[in-house]
Amino acid sequence: MSNHLTEERIAAALAAATQPEGETPWRLLLTKPPTTYVNVRSALTLAGMPDLWPFSGKGERTILAEASRAEVVHGLARRDGYLQALAAAEHMLSTAPVLPTNVDVRLAHWDDGPCLVFSYHKDPAAVREFAAHFGTEVAEHPHLEDGIRIETAGTTESGVRFEAYTLVDRPAVAE
(Lines give C-alpha, C1' and ligand atoms only; values in the text may rest on other atoms or scores of the structure.)
Protein backbone atom coordinates (compact mmCIF):
# COMPACT_ATOMS: atom_id res chain seq x y z
CA MET A 1 0.00 0.00 0.00
CA SER A 2 1.41 3.35 -0.94
CA ASN A 3 1.91 5.93 1.77
CA HIS A 4 0.73 9.41 0.87
CA LEU A 5 1.64 10.95 4.22
CA THR A 6 3.93 13.63 2.89
CA GLU A 7 5.14 16.52 5.01
CA GLU A 8 3.02 18.88 2.90
CA ARG A 9 -0.20 16.89 3.40
CA ILE A 10 0.41 16.53 7.12
CA ALA A 11 1.16 20.24 7.43
CA ALA A 12 -2.07 21.09 5.60
CA ALA A 13 -4.08 18.72 7.80
CA LEU A 14 -2.56 20.19 10.96
CA ALA A 15 -3.22 23.73 9.72
CA ALA A 16 -6.88 22.85 9.21
CA ALA A 17 -7.22 21.07 12.58
CA THR A 18 -7.95 22.69 15.92
CA GLN A 19 -5.42 21.86 18.61
CA PRO A 20 -6.78 21.18 22.12
CA GLU A 21 -6.07 23.91 24.67
CA GLY A 22 -3.36 23.46 27.27
CA GLU A 23 -0.87 21.72 24.99
CA THR A 24 2.44 22.92 23.64
CA PRO A 25 1.57 24.53 20.29
CA TRP A 26 2.32 22.11 17.46
CA ARG A 27 4.53 24.66 15.70
CA LEU A 28 6.81 24.75 18.78
CA LEU A 29 7.33 20.98 19.03
CA LEU A 30 10.91 19.90 18.40
CA THR A 31 9.89 16.57 16.87
CA LYS A 32 8.48 16.09 13.38
CA PRO A 33 4.94 14.74 12.98
CA PRO A 34 4.81 10.93 12.85
CA THR A 35 4.44 9.37 9.41
CA THR A 36 4.27 5.68 10.33
CA TYR A 37 1.70 3.65 12.21
CA VAL A 38 4.30 2.65 14.82
CA ASN A 39 5.22 6.28 15.56
CA VAL A 40 1.56 7.32 15.73
CA ARG A 41 0.75 4.45 18.13
CA SER A 42 3.81 5.30 20.22
CA ALA A 43 2.68 8.91 20.73
CA LEU A 44 -0.89 7.86 21.52
CA THR A 45 0.19 5.10 23.89
CA LEU A 46 2.53 7.38 25.82
CA ALA A 47 -0.25 9.96 26.24
CA GLY A 48 -2.46 7.26 27.73
CA MET A 49 0.13 6.17 30.31
CA PRO A 50 0.86 9.14 32.62
CA ASP A 51 2.95 6.90 34.89
CA LEU A 52 5.59 6.75 32.13
CA TRP A 53 5.72 10.50 31.46
CA PRO A 54 8.57 11.17 33.92
CA PHE A 55 10.74 8.65 32.03
CA SER A 56 10.08 10.17 28.60
CA GLY A 57 12.10 13.34 29.16
CA LYS A 58 9.11 15.39 27.99
CA GLY A 59 6.60 17.53 29.82
CA GLU A 60 2.88 16.81 29.99
CA ARG A 61 1.97 19.62 27.58
CA THR A 62 4.43 18.29 24.99
CA ILE A 63 3.32 14.67 25.35
CA LEU A 64 -0.32 15.69 24.92
CA ALA A 65 0.55 17.89 21.92
CA GLU A 66 2.45 15.06 20.22
CA ALA A 67 -0.54 12.76 20.83
CA SER A 68 -3.12 15.19 19.46
CA ARG A 69 -0.91 15.75 16.42
CA ALA A 70 -0.61 11.96 16.01
CA GLU A 71 -4.43 11.73 16.06
CA VAL A 72 -4.60 14.09 13.07
CA VAL A 73 -2.04 12.00 11.17
CA HIS A 74 -3.90 8.82 12.12
CA GLY A 75 -7.14 10.19 10.69
CA LEU A 76 -5.39 11.28 7.51
CA ALA A 77 -3.86 7.83 6.99
CA ARG A 78 -7.18 6.07 7.63
CA ARG A 79 -8.92 8.39 5.15
CA ASP A 80 -6.25 7.53 2.56
CA GLY A 81 -6.86 3.82 3.17
CA TYR A 82 -10.59 4.15 2.68
CA LEU A 83 -10.19 6.18 -0.49
CA GLN A 84 -7.70 3.68 -1.88
CA ALA A 85 -10.14 0.85 -1.13
CA LEU A 86 -13.05 2.69 -2.73
CA ALA A 87 -11.00 3.29 -5.89
CA ALA A 88 -10.14 -0.43 -6.02
CA ALA A 89 -13.80 -1.35 -5.41
CA GLU A 90 -14.87 0.88 -8.29
CA HIS A 91 -12.40 -0.84 -10.62
CA MET A 92 -13.32 -4.34 -9.45
CA LEU A 93 -17.07 -3.73 -9.67
CA SER A 94 -16.72 -2.31 -13.17
CA THR A 95 -15.12 -5.55 -14.39
CA ALA A 96 -16.62 -8.23 -12.11
CA PRO A 97 -18.56 -10.88 -14.06
CA VAL A 98 -21.28 -11.06 -11.38
CA LEU A 99 -22.25 -8.19 -9.09
CA PRO A 100 -22.14 -8.98 -5.36
CA THR A 101 -25.03 -8.64 -2.96
CA ASN A 102 -22.92 -6.46 -0.69
CA VAL A 103 -19.52 -4.75 -0.62
CA ASP A 104 -17.80 -3.80 2.65
CA VAL A 105 -14.70 -1.70 3.12
CA ARG A 106 -12.78 -2.67 6.23
CA LEU A 107 -9.90 -0.80 7.76
CA ALA A 108 -9.12 -1.92 11.30
CA HIS A 109 -5.59 -0.49 11.41
CA TRP A 110 -4.16 1.64 8.65
CA ASP A 111 -0.83 -0.16 8.75
CA ASP A 112 -2.56 -3.33 7.58
CA GLY A 113 -4.22 -1.49 4.71
CA PRO A 114 -7.83 -1.73 3.66
CA CYS A 115 -9.72 -4.86 2.76
CA LEU A 116 -12.70 -5.15 0.43
CA VAL A 117 -15.25 -7.85 1.19
CA PHE A 118 -17.63 -8.90 -1.59
CA SER A 119 -20.49 -11.11 -0.43
CA TYR A 120 -22.83 -13.16 -2.57
CA HIS A 121 -26.13 -14.49 -1.22
CA LYS A 122 -26.08 -18.29 -1.45
CA ASP A 123 -24.34 -18.18 -4.83
CA PRO A 124 -21.26 -20.45 -5.06
CA ALA A 125 -21.16 -20.09 -8.86
CA ALA A 126 -20.79 -16.31 -8.53
CA VAL A 127 -17.82 -16.69 -6.16
CA ARG A 128 -16.21 -19.16 -8.56
CA GLU A 129 -16.72 -16.74 -11.50
CA PHE A 130 -15.30 -13.90 -9.39
CA ALA A 131 -12.25 -16.01 -8.53
CA ALA A 132 -11.68 -17.06 -12.13
CA HIS A 133 -11.94 -13.44 -13.30
CA PHE A 134 -9.49 -12.09 -10.69
CA GLY A 135 -7.13 -15.09 -10.81
CA THR A 136 -7.60 -16.38 -7.27
CA GLU A 137 -8.23 -19.83 -5.79
CA VAL A 138 -11.53 -20.92 -4.22
CA ALA A 139 -11.65 -22.64 -0.84
CA GLU A 140 -14.51 -24.21 1.10
CA HIS A 141 -14.71 -24.28 4.89
CA PRO A 142 -17.33 -25.46 7.38
CA HIS A 143 -19.45 -22.60 8.69
CA LEU A 144 -21.26 -23.04 11.98
CA GLU A 145 -22.98 -26.42 12.33
CA ASP A 146 -24.80 -26.81 9.05
CA GLY A 147 -23.20 -24.46 6.55
CA ILE A 148 -20.30 -24.05 4.19
CA ARG A 149 -18.35 -20.86 3.46
CA ILE A 150 -17.06 -20.72 -0.10
CA GLU A 151 -14.41 -18.02 -0.44
CA THR A 152 -11.60 -16.55 -2.44
CA ALA A 153 -9.07 -13.85 -1.57
CA GLY A 154 -6.34 -11.83 -3.21
CA THR A 155 -4.68 -8.44 -3.53
CA THR A 156 -5.22 -5.82 -6.24
CA GLU A 157 -2.34 -4.29 -8.19
CA SER A 158 -2.63 -1.22 -5.95
CA GLY A 159 -2.15 -3.36 -2.82
CA VAL A 160 -5.74 -3.52 -1.58
CA ARG A 161 -6.64 -6.90 -0.11
CA PHE A 162 -10.00 -8.38 -1.10
CA GLU A 163 -12.13 -11.40 -0.44
CA ALA A 164 -15.36 -12.71 -1.90
CA TYR A 165 -17.54 -15.28 -0.21
CA THR A 166 -20.92 -16.92 0.04
CA LEU A 167 -22.55 -19.03 2.70
CA VAL A 168 -24.58 -22.08 1.69
CA ASP A 169 -26.32 -24.89 3.51
CA ARG A 170 -24.46 -28.16 3.80
CA PRO A 171 -26.06 -30.83 1.59
CA ALA A 172 -28.34 -33.20 3.45
CA VAL A 173 -26.80 -36.61 4.16
CA ALA A 174 -28.86 -39.53 2.85
CA GLU A 175 -29.59 -42.15 5.47
# chains A, B, ... in the order shown; residues from 1 in each chain; ligands from 1

$ select_by_dssp --residues "segment 21-141 of chain A" --states "alpha helix (DSSP H)" --output "PyMOL selection string"
chain A and resi 37-47+53-56+60-95+124-134

$ residues_around --residues "Ala16 of chain A" --least-positions-apart "4" --cutoff "12 Å" --atoms "only C-alpha atoms" --output "list in words"
Arg9, Ile10, Ala11, Ala12, Arg69, Val72 and Leu76 of chain A

$ write_last_selection --atoms "all heavy atoms" --output "short mmCIF file (atom, residue, chain, number, x, y, z; two decimals), in the first residue's frame"
data_model
loop_
_atom_site.label_atom_id
_atom_site.label_comp_id
_atom_site.auth_asym_id
_atom_site.auth_seq_id
_atom_site.Cartn_x
_atom_site.Cartn_y
_atom_site.Cartn_z
N ARG A 9 1.18 17.29 3.06
CA ARG A 9 -0.20 16.89 3.40
C ARG A 9 -0.44 16.94 4.90
O ARG A 9 -1.49 17.37 5.36
CB ARG A 9 -0.50 15.48 2.88
CG ARG A 9 -0.73 15.46 1.38
CD ARG A 9 -1.34 14.18 0.89
NE ARG A 9 -2.70 14.06 1.33
CZ ARG A 9 -3.20 12.95 1.91
NH1 ARG A 9 -2.45 11.90 2.10
NH2 ARG A 9 -4.45 12.90 2.29
N ILE A 10 0.55 16.49 5.66
CA ILE A 10 0.41 16.53 7.12
C ILE A 10 0.34 17.98 7.59
O ILE A 10 -0.50 18.32 8.43
CB ILE A 10 1.56 15.76 7.80
CG1 ILE A 10 1.41 14.25 7.51
CG2 ILE A 10 1.56 16.02 9.31
CD1 ILE A 10 2.59 13.42 7.96
N ALA A 11 1.18 18.82 7.05
CA ALA A 11 1.16 20.24 7.43
C ALA A 11 -0.20 20.87 7.11
O ALA A 11 -0.74 21.63 7.92
CB ALA A 11 2.28 21.00 6.72
N ALA A 12 -0.76 20.55 5.97
CA ALA A 12 -2.07 21.09 5.60
C ALA A 12 -3.16 20.57 6.54
O ALA A 12 -4.04 21.34 6.96
CB ALA A 12 -2.40 20.73 4.16
N ARG A 69 -1.44 15.67 17.78
CA ARG A 69 -0.91 15.75 16.42
C ARG A 69 -0.93 14.37 15.76
O ARG A 69 -1.30 14.23 14.59
CB ARG A 69 0.51 16.33 16.46
CG ARG A 69 1.13 16.57 15.12
CD ARG A 69 2.49 17.20 15.24
NE ARG A 69 3.43 16.33 15.94
CZ ARG A 69 4.71 16.60 16.12
NH1 ARG A 69 5.21 17.74 15.68
NH2 ARG A 69 5.50 15.77 16.75
N VAL A 72 -4.32 13.48 14.38
CA VAL A 72 -4.60 14.09 13.07
C VAL A 72 -3.97 13.25 11.96
O VAL A 72 -4.60 12.97 10.95
CB VAL A 72 -4.08 15.55 13.03
CG1 VAL A 72 -4.18 16.12 11.63
CG2 VAL A 72 -4.86 16.41 14.02
N LEU A 76 -5.79 11.07 8.90
CA LEU A 76 -5.39 11.28 7.51
C LEU A 76 -5.02 9.95 6.84
O LEU A 76 -5.45 9.66 5.72
CB LEU A 76 -4.21 12.25 7.46
CG LEU A 76 -3.75 12.74 6.11
CD1 LEU A 76 -4.85 13.50 5.39
CD2 LEU A 76 -2.52 13.63 6.29
#

$ closest_atom_pairs --of "segment 68-88 of chain A" --to "segment 38-49 of chain A" --cutoff "8 Å" --atoms "only C-alpha atoms" --output "tab-separated table"
residue	atom	partner	partner_atom	distance
A:Ser68	CA	A:Leu44	CA	7.9
A:Ala70	CA	A:Val40	CA	5.1
A:Glu71	CA	A:Val40	CA	7.4
A:Val73	CA	A:Val40	CA	7.5
A:His74	CA	A:Val40	CA	6.7

$ closest_residue --among "A:Ala88, A:Ala132, A:Val168, A:Asn102" --to "Thr156 of chain A" --atoms "only C-alpha atoms"
A:Ala88

$ closest_residue --among "A:Glu66, A:Tyr82, A:Thr166, A:Cys115" --to "Leu28 of chain A" --atoms "only C-alpha atoms"
A:Glu66

$ residues_around --residues "Arg161 of chain A" --least-positions-apart "3" --cutoff "12 Å" --atoms "only C-alpha atoms" --output "PyMOL selection string"
chain A and resi 1+81+84-86+88-89+92+104-107+112-118+136+152-158+164

$ select_by_dssp --residues "chain A" --states "strand (DSSP E)" --output "number ranges by chain"
A: 102-106, 115-120, 138-143, 147-155, 161-169

$ residues_around --residues "Tyr165 of chain A" --least-positions-apart "6" --cutoff "7 Å" --atoms "only C-alpha atoms" --output "count of residues only"
8

$ atom_distance --atom1 "atom CA of Tyr37 of chain A" --atom2 "atom CA of Ala17 of chain A"
19.6 Å

$ closest_residue --among "A:Leu14, A:Thr101, A:Thr36, A:Lys58" --to "Asp123 of chain A" --atoms "only C-alpha atoms"
A:Thr101

$ atom_distance --atom1 "atom CA of Arg79 of chain A" --atom2 "atom CA of Ala131 of chain A"
28.2 Å

$ closest_residue --among "A:His141, A:Lys122, A:His133, A:His91" --to "Val160 of chain A" --atoms "only C-alpha atoms"
A:His91

$ residues_around --residues "Val173 of chain A" --least-positions-apart "3" --cutoff "12 Å" --atoms "only C-alpha atoms" --output "list of chain:residue names"
A:Asp146, A:Asp169, A:Arg170

$ residues_around --residues "Phe130 of chain A" --least-positions-apart "6" --cutoff "8 Å" --atoms "only C-alpha atoms" --output "VMD selection string"
chain A and resid 96 to 98 164

$ write_last_selection --atoms "N, CA and C atoms" --output "short mmCIF file (atom, residue, chain, number, x, y, z; two decimals), in the first residue's frame"
data_model
loop_
_atom_site.label_atom_id
_atom_site.label_comp_id
_atom_site.auth_asym_id
_atom_site.auth_seq_id
_atom_site.Cartn_x
_atom_site.Cartn_y
_atom_site.Cartn_z
N ALA A 96 -16.18 -6.96 -12.69
CA ALA A 96 -16.62 -8.23 -12.11
C ALA A 96 -17.69 -8.88 -13.00
N PRO A 97 -17.59 -10.19 -13.20
CA PRO A 97 -18.56 -10.88 -14.06
C PRO A 97 -19.96 -10.98 -13.42
N VAL A 98 -20.01 -10.99 -12.10
CA VAL A 98 -21.28 -11.06 -11.38
C VAL A 98 -21.22 -10.03 -10.25
N ALA A 164 -13.98 -12.53 -1.47
CA ALA A 164 -15.36 -12.71 -1.90
C ALA A 164 -15.82 -14.03 -1.29
#
